[in-house]
$ cat query.tsv   # TSV, C-alpha atoms and all ligand atoms
chain	number	residue	atom	x	y	z
A	1	MET	CA	18.81	29.50	15.73
A	2	ILE	CA	16.16	32.08	14.96
A	3	PHE	CA	16.85	35.18	12.88
A	4	ASP	CA	13.85	37.47	12.64
A	5	SER	CA	14.18	39.58	9.49
A	6	HIS	CA	11.38	42.00	10.40
A	7	ALA	CA	10.12	43.19	13.78
A	8	HIS	CA	9.07	46.37	15.57
A	9	TYR	CA	10.39	46.27	19.14
A	10	ASP	CA	10.10	50.04	19.41
A	11	ASP	CA	6.31	49.54	19.39
A	12	GLU	CA	4.58	50.69	22.57
A	13	SER	CA	3.19	47.21	23.21
A	14	PHE	CA	6.74	46.26	24.32
A	15	ASN	CA	7.08	49.18	26.76
A	16	GLU	CA	6.51	47.01	29.82
A	17	ASP	CA	8.99	44.23	29.14
A	18	ARG	CA	11.17	45.27	26.18
A	19	ASP	CA	14.47	45.02	28.01
A	20	GLU	CA	13.65	41.70	29.64
A	21	LEU	CA	12.62	40.26	26.29
A	22	LEU	CA	15.62	41.48	24.31
A	23	ASN	CA	18.18	40.90	27.02
A	24	LEU	CA	17.02	37.61	28.40
A	25	ILE	CA	13.94	35.84	27.16
A	26	LEU	CA	14.47	35.92	23.40
A	27	PRO	CA	18.15	34.85	23.51
A	28	GLN	CA	17.14	32.03	25.89
A	29	LYS	CA	14.56	30.88	23.35
A	30	GLY	CA	17.13	30.68	20.56
A	31	VAL	CA	16.79	34.08	18.93
A	32	THR	CA	20.23	35.01	17.59
A	33	GLY	CA	19.36	37.95	15.36
A	34	ILE	CA	16.66	40.55	14.75
A	35	ILE	CA	16.21	43.32	12.21
A	36	ASN	CA	14.11	46.06	13.76
A	37	CYS	CA	12.28	48.05	11.11
A	38	ALA	CA	11.45	51.68	11.62
A	39	SER	CA	8.07	52.73	10.34
A	40	ASP	CA	7.42	56.39	11.08
A	41	PHE	CA	9.87	59.26	11.54
A	42	GLU	CA	10.02	58.93	15.34
A	43	SER	CA	10.89	55.25	15.19
A	44	ILE	CA	14.09	56.00	13.25
A	45	ALA	CA	15.72	57.33	16.44
A	46	LYS	CA	14.17	54.57	18.55
A	47	THR	CA	15.43	51.86	16.20
A	48	ILE	CA	18.94	53.32	16.21
A	49	GLU	CA	18.86	53.34	20.01
A	50	LEU	CA	17.79	49.69	20.16
A	51	SER	CA	20.53	48.68	17.72
A	52	GLU	CA	23.12	50.37	19.91
A	53	LYS	CA	21.86	48.67	23.05
A	54	TYR	CA	21.47	45.07	21.87
A	55	PRO	CA	24.32	43.42	19.96
A	56	PHE	CA	22.06	40.98	18.06
A	57	LEU	CA	19.59	43.66	16.94
A	58	TYR	CA	20.18	45.43	13.61
A	59	ALA	CA	18.42	48.49	12.24
A	60	ALA	CA	16.35	49.06	9.12
A	61	LEU	CA	15.39	52.69	8.72
A	62	GLY	CA	12.69	54.14	6.50
A	63	ILE	CA	9.31	55.79	6.23
A	64	HIS	CA	6.26	53.53	6.04
A	65	PRO	CA	3.69	54.63	3.41
A	66	GLU	CA	0.99	55.07	6.03
A	67	CYS	CA	3.08	57.84	7.67
A	68	ALA	CA	4.33	59.52	4.51
A	69	ALA	CA	1.91	62.46	4.78
A	70	ARG	CA	3.13	63.70	8.15
A	71	LEU	CA	6.88	64.20	7.97
A	72	PRO	CA	9.08	66.98	9.32
A	73	GLU	CA	11.05	68.98	6.77
A	74	ASN	CA	14.38	67.36	7.66
A	75	TRP	CA	13.19	63.74	7.41
A	76	PHE	CA	15.31	62.90	4.39
A	77	GLU	CA	18.57	64.17	5.92
A	78	VAL	CA	17.88	62.36	9.20
A	79	LEU	CA	17.15	59.13	7.34
A	80	LYS	CA	20.24	59.45	5.17
A	81	GLU	CA	22.50	59.99	8.18
A	82	GLY	CA	20.97	57.00	9.96
A	83	LEU	CA	21.54	54.76	6.96
A	84	LYS	CA	25.28	55.38	7.15
A	85	ARG	CA	25.54	53.89	10.65
A	86	GLU	CA	27.37	50.62	11.03
A	87	LYS	CA	24.43	48.64	12.41
A	88	THR	CA	21.95	49.87	9.84
A	89	VAL	CA	21.55	47.06	7.31
A	90	ALA	CA	18.56	48.16	5.22
A	91	LEU	CA	16.26	50.94	4.12
A	92	GLY	CA	12.76	50.00	5.27
A	93	GLU	CA	10.08	49.51	5.65
A	94	ILE	CA	9.00	51.48	2.60
A	95	GLY	CA	6.39	50.97	-0.08
A	96	LEU	CA	2.72	51.40	-0.83
A	97	ASP	CA	-0.35	50.73	1.30
A	98	TYR	CA	-3.66	51.38	-0.42
A	99	TYR	CA	-5.55	49.81	2.47
A	100	TRP	CA	-4.55	52.85	4.54
A	101	GLU	CA	-4.90	55.44	1.79
A	102	ASP	CA	-7.14	57.53	4.07
A	103	SER	CA	-4.04	58.07	6.26
A	104	CYS	CA	-1.97	59.05	3.26
A	105	PRO	CA	-3.06	59.65	-0.35
A	106	ARG	CA	-1.54	57.50	-3.08
A	107	ASP	CA	0.42	60.26	-4.82
A	108	ILE	CA	2.24	61.20	-1.60
A	109	GLN	CA	2.93	57.52	-0.83
A	110	LYS	CA	4.48	57.10	-4.27
A	111	GLU	CA	6.55	60.25	-4.01
A	112	VAL	CA	8.07	59.26	-0.64
A	113	PHE	CA	8.56	55.65	-1.76
A	114	ILE	CA	10.38	56.65	-4.96
A	115	LYS	CA	12.57	59.15	-3.12
A	116	GLN	CA	13.66	56.35	-0.78
A	117	MET	CA	14.21	53.89	-3.64
A	118	GLU	CA	16.55	56.41	-5.25
A	119	LEU	CA	18.38	56.84	-1.96
A	120	ALA	CA	18.79	53.06	-1.63
A	121	LYS	CA	20.39	52.98	-5.07
A	122	GLU	CA	22.66	55.88	-4.22
A	123	LEU	CA	23.85	54.27	-0.98
A	124	ASP	CA	23.75	50.71	-2.36
A	125	ILE	CA	21.72	49.39	0.57
A	126	PRO	CA	19.00	46.68	0.50
A	127	VAL	CA	15.34	47.69	0.85
A	128	ILE	CA	12.50	46.18	2.89
A	129	ILE	CA	9.29	46.62	0.93
A	130	HIS	CA	5.78	46.95	2.35
A	131	ASP	CA	2.99	46.25	-0.16
A	132	ARG	CA	-0.62	46.09	0.95
A	133	ASP	CA	-3.39	46.12	-1.65
A	134	ALA	CA	-0.96	47.81	-4.03
A	135	HIS	CA	0.61	44.90	-5.94
A	136	GLY	CA	0.49	46.45	-9.43
A	137	ASP	CA	2.03	49.80	-8.56
A	138	THR	CA	4.59	48.24	-6.21
A	139	LEU	CA	5.77	45.80	-8.85
A	140	GLU	CA	6.02	48.55	-11.44
A	141	ILE	CA	8.31	50.59	-9.18
A	142	LEU	CA	10.39	47.52	-8.24
A	143	LYS	CA	10.88	46.71	-11.92
A	144	LYS	CA	12.04	50.24	-12.58
A	145	TYR	CA	14.58	50.42	-9.73
A	146	LYS	CA	15.60	46.73	-9.47
A	147	PRO	CA	16.73	47.02	-5.83
A	148	LYS	CA	18.39	44.42	-3.65
A	149	GLY	CA	15.93	43.52	-0.94
A	150	VAL	CA	12.81	41.73	0.25
A	151	VAL	CA	9.07	42.11	-0.16
A	152	HIS	CA	8.08	41.65	3.45
A	153	CYS	CA	4.92	39.84	4.58
A	154	PHE	CA	4.40	38.83	0.99
A	155	SER	CA	0.69	38.79	0.12
A	156	GLY	CA	0.76	38.64	-3.66
A	157	SER	CA	0.04	35.75	-6.01
A	158	VAL	CA	2.45	33.05	-7.19
A	159	GLU	CA	2.79	34.98	-10.44
A	160	MET	CA	3.87	38.10	-8.57
A	161	ALA	CA	6.30	36.06	-6.44
A	162	ARG	CA	7.90	34.82	-9.65
A	163	GLU	CA	8.30	38.39	-10.90
A	164	VAL	CA	9.84	39.50	-7.59
A	165	ILE	CA	12.29	36.60	-7.63
A	166	LYS	CA	13.16	37.30	-11.26
A	167	LEU	CA	14.31	40.73	-10.06
A	168	GLY	CA	16.65	38.94	-7.65
A	169	MET	CA	14.62	39.92	-4.60
A	170	TYR	CA	13.57	37.84	-1.58
A	171	ILE	CA	10.13	36.91	-0.24
A	172	GLY	CA	9.39	37.61	3.45
A	173	MET	CA	6.97	35.29	5.22
A	174	GLY	CA	5.71	34.98	8.79
A	175	GLY	CA	2.69	34.00	10.85
A	176	VAL	CA	0.22	34.56	8.01
A	177	VAL	CA	1.25	31.25	6.40
A	178	THR	CA	-0.26	29.42	9.40
A	179	PHE	CA	-3.66	31.12	9.05
A	180	LYS	CA	-6.60	29.06	7.80
A	181	ASN	CA	-7.37	31.50	4.97
A	182	ALA	CA	-3.74	31.73	3.81
A	183	ARG	CA	-4.30	30.14	0.40
A	184	HIS	CA	-2.00	32.56	-1.47
A	185	SER	CA	0.80	32.34	1.08
A	186	VAL	CA	0.68	28.54	1.06
A	187	GLU	CA	0.87	28.44	-2.75
A	188	VAL	CA	3.77	30.89	-2.75
A	189	MET	CA	5.62	28.89	-0.09
A	190	LYS	CA	5.22	25.68	-2.11
A	191	GLU	CA	6.64	27.33	-5.17
A	192	ILE	CA	9.51	29.72	-4.41
A	193	PRO	CA	13.17	28.69	-4.37
A	194	LEU	CA	14.07	28.37	-0.68
A	195	GLU	CA	17.21	30.43	-1.19
A	196	LYS	CA	14.82	33.38	-1.61
A	197	LEU	CA	12.89	32.88	1.65
A	198	LEU	CA	13.23	35.18	4.66
A	199	LEU	CA	11.32	34.35	7.83
A	200	GLU	CA	9.93	37.26	9.82
A	201	THR	CA	7.42	38.07	12.54
A	202	ASP	CA	6.31	41.68	11.96
A	203	ALA	CA	6.05	41.62	15.77
A	204	PRO	CA	4.00	42.76	17.62
A	205	TYR	CA	1.58	41.96	14.78
A	206	LEU	CA	0.56	38.79	12.94
A	207	SER	CA	1.14	36.09	15.56
A	208	PRO	CA	1.01	32.60	14.11
A	209	VAL	CA	-1.63	30.00	14.93
A	210	PRO	CA	-2.00	28.88	17.76
A	211	MET	CA	-1.06	32.28	19.23
A	212	ARG	CA	-3.10	34.28	16.72
A	213	GLY	CA	-4.47	37.53	18.17
A	214	LYS	CA	-1.83	37.71	20.92
A	215	ARG	CA	1.28	39.87	20.85
A	216	ASN	CA	3.87	38.42	18.53
A	217	ASP	CA	7.60	38.15	19.22
A	218	SER	CA	10.61	36.59	17.49
A	219	SER	CA	10.47	33.36	19.53
A	220	LEU	CA	7.25	32.41	17.70
A	221	ILE	CA	8.91	32.13	14.27
A	222	PRO	CA	9.23	28.33	14.51
A	223	TYR	CA	5.46	28.00	13.94
A	224	ALA	CA	5.79	29.54	10.49
A	225	ALA	CA	8.99	27.57	9.87
A	226	ALA	CA	7.18	24.33	10.77
A	227	LYS	CA	4.33	25.10	8.38
A	228	ILE	CA	6.68	25.95	5.51
A	229	GLY	CA	8.75	22.86	6.31
A	230	GLU	CA	5.60	20.75	6.10
A	231	LEU	CA	4.87	22.17	2.64
A	232	ARG	CA	8.44	21.51	1.46
A	233	GLY	CA	9.19	18.20	3.17
A	234	LEU	CA	11.78	19.71	5.51
A	235	SER	CA	12.02	20.19	9.27
A	236	ALA	CA	11.35	23.51	10.98
A	237	THR	CA	15.01	23.59	11.98
A	238	GLU	CA	16.12	23.25	8.37
A	239	ILE	CA	13.84	26.08	7.28
A	240	LEU	CA	15.10	28.29	10.14
A	241	GLU	CA	18.66	27.65	9.09
A	242	ILE	CA	18.02	28.31	5.38
A	243	SER	CA	16.30	31.58	6.24
A	244	ARG	CA	19.03	32.65	8.62
A	245	ASN	CA	21.67	32.13	5.95
A	246	ASN	CA	19.56	34.08	3.45
A	247	VAL	CA	19.17	37.00	5.88
A	248	LYS	CA	22.92	37.12	6.42
A	249	GLU	CA	23.57	36.96	2.70
A	250	LEU	CA	21.12	39.73	1.75
A	251	PHE	CA	21.92	42.15	4.56
A	252	GLY	CA	25.64	41.41	4.76
A	253	ILE	CA	25.52	40.48	8.45
B	301	NI	NI	6.34	45.78	9.59
$ encode --input "query.tsv" --output "structure tokens" --more "lines below"
Ligand code: NI
Amino acid sequence: MIFDSHAHYDDESFNEDRDELLNLILPQKGVTGIINCASDFESIAKTIELSEKYPFLYAALGIHPECAARLPENWFEVLKEGLKREKTVALGEIGLDYYWEDSCPRDIQKEVFIKQMELAKELDIPVIIHDRDAHGDTLEILKKYKPKGVVHCFSGSVEMAREVIKLGMYIGMGGVVTFKNARHSVEVMKEIPLEKLLLETDAPYLSPVPMRGKRNDSSLIPYAAAKIGELRGLSATEILEISRNNVKELFGI
């Protein structure tokens, strides 16, 4: 009973076998739900299309910080329309990425992020937050807007996790927790209340050990679930079930 709270099946690495995976292979392997997150402007339309085609796939629509510098003039209207669709469950992924600030300067990232945070408030829709090397500024904006939502692929400290949870938000975790150098993620997974955990892949990226470096997909979530279960004295199945309930609760699915 796998629910993947964050994946990118519109990515070109799925061009060869996307339909086979989503129609056949993933359901056979126990995947019962997926949230596909748009990243750039083009993937908004692609994500909507996928959500119309596959009953168990839901849409999250938003502009990733890395792409915030190259947007058409009508991006905001297109996004807003998409968010009103029945199968759109979140605004995301949005946030700050100072690792990629060469692709998009910080001030533009912030401007586009804040505009989308205000839209989420207006439409009362949960957000999916991307934060890479930008913990301080991300947290500041989250504290100001207090959105419903999740910080996906959480890479902050235990202290930051506590702050995020205090805001009522969820912590997204995937393959990274299985990595050898995942000290922060392991500490965070030992500490957080499990009712705030969302499992995710970020497929096609961040495959768990022992598949690290290969293309990721939602059927590989049990590796992360097993690792978190080990840290918490629970089975992988129990962790999968807790996360699935949390996903449904947050996104109203
Ligand atoms: Ni992502």
$ atom_distance --input "query.tsv" --atom1 "atom CA of Phe41 of chain A" --atom2 "atom CA of Glu66 of chain A"
11.3 Å
$ residues_near_ligand --input "query.tsv" --ligand "ligand NI 301 (chain B)" --cutoff "12 Å" --atoms "only C-alpha atoms and all ligand atoms" --output "VMD selection string"
chain A and resid 4 to 11 35 to 40 43 60 to 66 92 to 95 97 128 to 132 151 to 154 172 to 174 200 to 206 216
$ axis_aligned_box --input "query.tsv" --around "segment 120-123 of chain A" --padding-each-side "4 Å" --output "JSON"
{"center_x": 21.3, "center_y": 54.4, "center_z": -3.0, "size_x": 13.1, "size_y": 10.9, "size_z": 12.1}
$ closest_residue --input "query.tsv" --among "A:Thr178, A:Ser185, A:Thr47, A:Asn23" --to "Pro208 of chain A" --atoms "only C-alpha atoms"
A:Thr178
$ residues_around --input "query.tsv" --residues "segment 142-149 of chain A" --least-positions-apart "2" --cutoff "10 Å" --atoms "only C-alpha atoms" --output "mmCIF file with C-alpha atoms, in the frame of the given file"
data_model
loop_
_atom_site.group_PDB
_atom_site.id
_atom_site.type_symbol
_atom_site.label_atom_id
_atom_site.label_comp_id
_atom_site.auth_asym_id
_atom_site.auth_seq_id
_atom_site.Cartn_x
_atom_site.Cartn_y
_atom_site.Cartn_z
ATOM 1 C CA ALA A 90 18.560 48.160 5.220
ATOM 2 C CA LEU A 91 16.260 50.940 4.120
ATOM 3 C CA GLY A 92 12.760 50.000 5.270
ATOM 4 C CA GLY A 95 6.390 50.970 -0.080
ATOM 5 C CA ILE A 114 10.380 56.650 -4.960
ATOM 6 C CA MET A 117 14.210 53.890 -3.640
ATOM 7 C CA GLU A 118 16.550 56.410 -5.250
ATOM 8 C CA ALA A 120 18.790 53.060 -1.630
ATOM 9 C CA LYS A 121 20.390 52.980 -5.070
ATOM 10 C CA ASP A 124 23.750 50.710 -2.360
ATOM 11 C CA ILE A 125 21.720 49.390 0.570
ATOM 12 C CA PRO A 126 19.000 46.680 0.500
ATOM 13 C CA VAL A 127 15.340 47.690 0.850
ATOM 14 C CA ILE A 128 12.500 46.180 2.890
ATOM 15 C CA ILE A 129 9.290 46.620 0.930
ATOM 16 C CA ASP A 137 2.030 49.800 -8.560
ATOM 17 C CA THR A 138 4.590 48.240 -6.210
ATOM 18 C CA LEU A 139 5.770 45.800 -8.850
ATOM 19 C CA GLU A 140 6.020 48.550 -11.440
ATOM 20 C CA VAL A 151 9.070 42.110 -0.160
ATOM 21 C CA HIS A 152 8.080 41.650 3.450
ATOM 22 C CA GLU A 163 8.300 38.390 -10.900
ATOM 23 C CA VAL A 164 9.840 39.500 -7.590
ATOM 24 C CA LYS A 166 13.160 37.300 -11.260
ATOM 25 C CA LEU A 167 14.310 40.730 -10.060
ATOM 26 C CA GLY A 168 16.650 38.940 -7.650
ATOM 27 C CA MET A 169 14.620 39.920 -4.600
ATOM 28 C CA TYR A 170 13.570 37.840 -1.580
ATOM 29 C CA ILE A 171 10.130 36.910 -0.240
ATOM 30 C CA GLY A 172 9.390 37.610 3.450
ATOM 31 C CA VAL A 247 19.170 37.000 5.880
ATOM 32 C CA LEU A 250 21.120 39.730 1.750
ATOM 33 C CA PHE A 251 21.920 42.150 4.560
#
$ build_atoms --input "query.tsv" --residues "segment 117-128 of chain A" --atoms "all heavy atoms" --output "mmCIF file, keeping the file's coordinate frame"
data_model
loop_
_atom_site.group_PDB
_atom_site.id
_atom_site.type_symbol
_atom_site.label_atom_id
_atom_site.label_comp_id
_atom_site.auth_asym_id
_atom_site.auth_seq_id
_atom_site.Cartn_x
_atom_site.Cartn_y
_atom_site.Cartn_z
ATOM 1 N N MET A 117 13.614 54.875 -2.715
ATOM 2 C CA MET A 117 14.210 53.890 -3.640
ATOM 3 C C MET A 117 15.453 54.486 -4.292
ATOM 4 O O MET A 117 16.461 53.790 -4.478
ATOM 5 C CB MET A 117 13.193 53.506 -4.722
ATOM 6 C CG MET A 117 12.064 52.651 -4.215
ATOM 7 S SD MET A 117 12.624 51.027 -3.671
ATOM 8 C CE MET A 117 12.452 50.142 -5.198
ATOM 9 N N GLU A 118 15.383 55.756 -4.634
ATOM 10 C CA GLU A 118 16.550 56.410 -5.250
ATOM 11 C C GLU A 118 17.707 56.513 -4.248
ATOM 12 O O GLU A 118 18.869 56.310 -4.603
ATOM 13 C CB GLU A 118 16.150 57.796 -5.783
ATOM 14 C CG GLU A 118 15.381 57.663 -7.079
ATOM 15 C CD GLU A 118 14.704 58.944 -7.560
ATOM 16 O OE1 GLU A 118 14.687 59.948 -6.799
ATOM 17 O OE2 GLU A 118 14.180 58.926 -8.685
ATOM 18 N N LEU A 119 17.356 56.764 -3.003
ATOM 19 C CA LEU A 119 18.380 56.840 -1.960
ATOM 20 C C LEU A 119 19.048 55.472 -1.748
ATOM 21 O O LEU A 119 20.269 55.384 -1.582
ATOM 22 C CB LEU A 119 17.739 57.330 -0.645
ATOM 23 C CG LEU A 119 18.666 57.484 0.552
ATOM 24 C CD1 LEU A 119 19.793 58.476 0.263
ATOM 25 C CD2 LEU A 119 17.875 57.946 1.786
ATOM 26 N N ALA A 120 18.243 54.412 -1.788
ATOM 27 C CA ALA A 120 18.790 53.060 -1.630
ATOM 28 C C ALA A 120 19.798 52.756 -2.726
ATOM 29 O O ALA A 120 20.845 52.149 -2.486
ATOM 30 C CB ALA A 120 17.667 52.029 -1.618
ATOM 31 N N LYS A 121 19.468 53.154 -3.929
ATOM 32 C CA LYS A 121 20.390 52.980 -5.070
ATOM 33 C C LYS A 121 21.679 53.748 -4.832
ATOM 34 O O LYS A 121 22.779 53.229 -4.992
ATOM 35 C CB LYS A 121 19.740 53.481 -6.364
ATOM 36 C CG LYS A 121 18.854 52.460 -7.054
ATOM 37 C CD LYS A 121 19.640 51.661 -8.079
ATOM 38 C CE LYS A 121 19.443 50.190 -7.836
ATOM 39 N NZ LYS A 121 18.909 49.363 -8.827
ATOM 40 N N GLU A 122 21.500 55.008 -4.429
ATOM 41 C CA GLU A 122 22.660 55.880 -4.220
ATOM 42 C C GLU A 122 23.596 55.288 -3.163
ATOM 43 O O GLU A 122 24.817 55.285 -3.328
ATOM 44 C CB GLU A 122 22.159 57.259 -3.788
ATOM 45 C CG GLU A 122 23.248 58.304 -3.614
ATOM 46 C CD GLU A 122 22.729 59.543 -2.874
ATOM 47 O OE1 GLU A 122 21.558 59.938 -3.091
ATOM 48 O OE2 GLU A 122 23.508 60.095 -2.064
ATOM 49 N N LEU A 123 23.029 54.778 -2.073
ATOM 50 C CA LEU A 123 23.850 54.270 -0.980
ATOM 51 C C LEU A 123 24.153 52.777 -1.126
ATOM 52 O O LEU A 123 24.859 52.201 -0.306
ATOM 53 C CB LEU A 123 23.159 54.517 0.363
ATOM 54 C CG LEU A 123 22.868 55.982 0.735
ATOM 55 C CD1 LEU A 123 22.146 56.059 2.073
ATOM 56 C CD2 LEU A 123 24.157 56.794 0.789
ATOM 57 N N ASP A 124 23.576 52.138 -2.140
ATOM 58 C CA ASP A 124 23.750 50.710 -2.360
ATOM 59 C C ASP A 124 23.405 49.888 -1.116
ATOM 60 O O ASP A 124 24.213 49.112 -0.609
ATOM 61 C CB ASP A 124 25.190 50.418 -2.826
ATOM 62 C CG ASP A 124 25.337 49.000 -3.337
ATOM 63 O OD1 ASP A 124 24.330 48.447 -3.832
ATOM 64 O OD2 ASP A 124 26.451 48.434 -3.233
ATOM 65 N N ILE A 125 22.170 50.078 -0.641
ATOM 66 C CA ILE A 125 21.720 49.390 0.570
ATOM 67 C C ILE A 125 20.428 48.634 0.241
ATOM 68 O O ILE A 125 19.627 49.116 -0.568
ATOM 69 C CB ILE A 125 21.526 50.416 1.721
ATOM 70 C CG1 ILE A 125 21.276 49.736 3.066
ATOM 71 C CG2 ILE A 125 20.398 51.413 1.418
ATOM 72 C CD1 ILE A 125 21.381 50.689 4.259
ATOM 73 N N PRO A 126 20.227 47.426 0.798
ATOM 74 C CA PRO A 126 19.000 46.680 0.500
ATOM 75 C C PRO A 126 17.746 47.380 1.040
ATOM 76 O O PRO A 126 17.825 48.136 2.007
ATOM 77 C CB PRO A 126 19.177 45.340 1.222
ATOM 78 C CG PRO A 126 20.580 45.289 1.688
ATOM 79 C CD PRO A 126 21.122 46.676 1.691
ATOM 80 N N VAL A 127 16.605 47.101 0.399
ATOM 81 C CA VAL A 127 15.340 47.690 0.850
ATOM 82 C C VAL A 127 14.425 46.618 1.425
ATOM 83 O O VAL A 127 14.502 45.444 1.058
ATOM 84 C CB VAL A 127 14.601 48.393 -0.315
ATOM 85 C CG1 VAL A 127 15.345 49.637 -0.759
ATOM 86 C CG2 VAL A 127 14.365 47.450 -1.488
ATOM 87 N N ILE A 128 13.561 47.039 2.352
ATOM 88 C CA ILE A 128 12.500 46.180 2.890
ATOM 89 C C ILE A 128 11.185 46.803 2.454
ATOM 90 O O ILE A 128 10.869 47.934 2.831
ATOM 91 C CB ILE A 128 12.615 46.066 4.418
ATOM 92 C CG1 ILE A 128 13.930 45.370 4.778
ATOM 93 C CG2 ILE A 128 11.410 45.288 4.984
ATOM 94 C CD1 ILE A 128 14.209 45.273 6.264
#
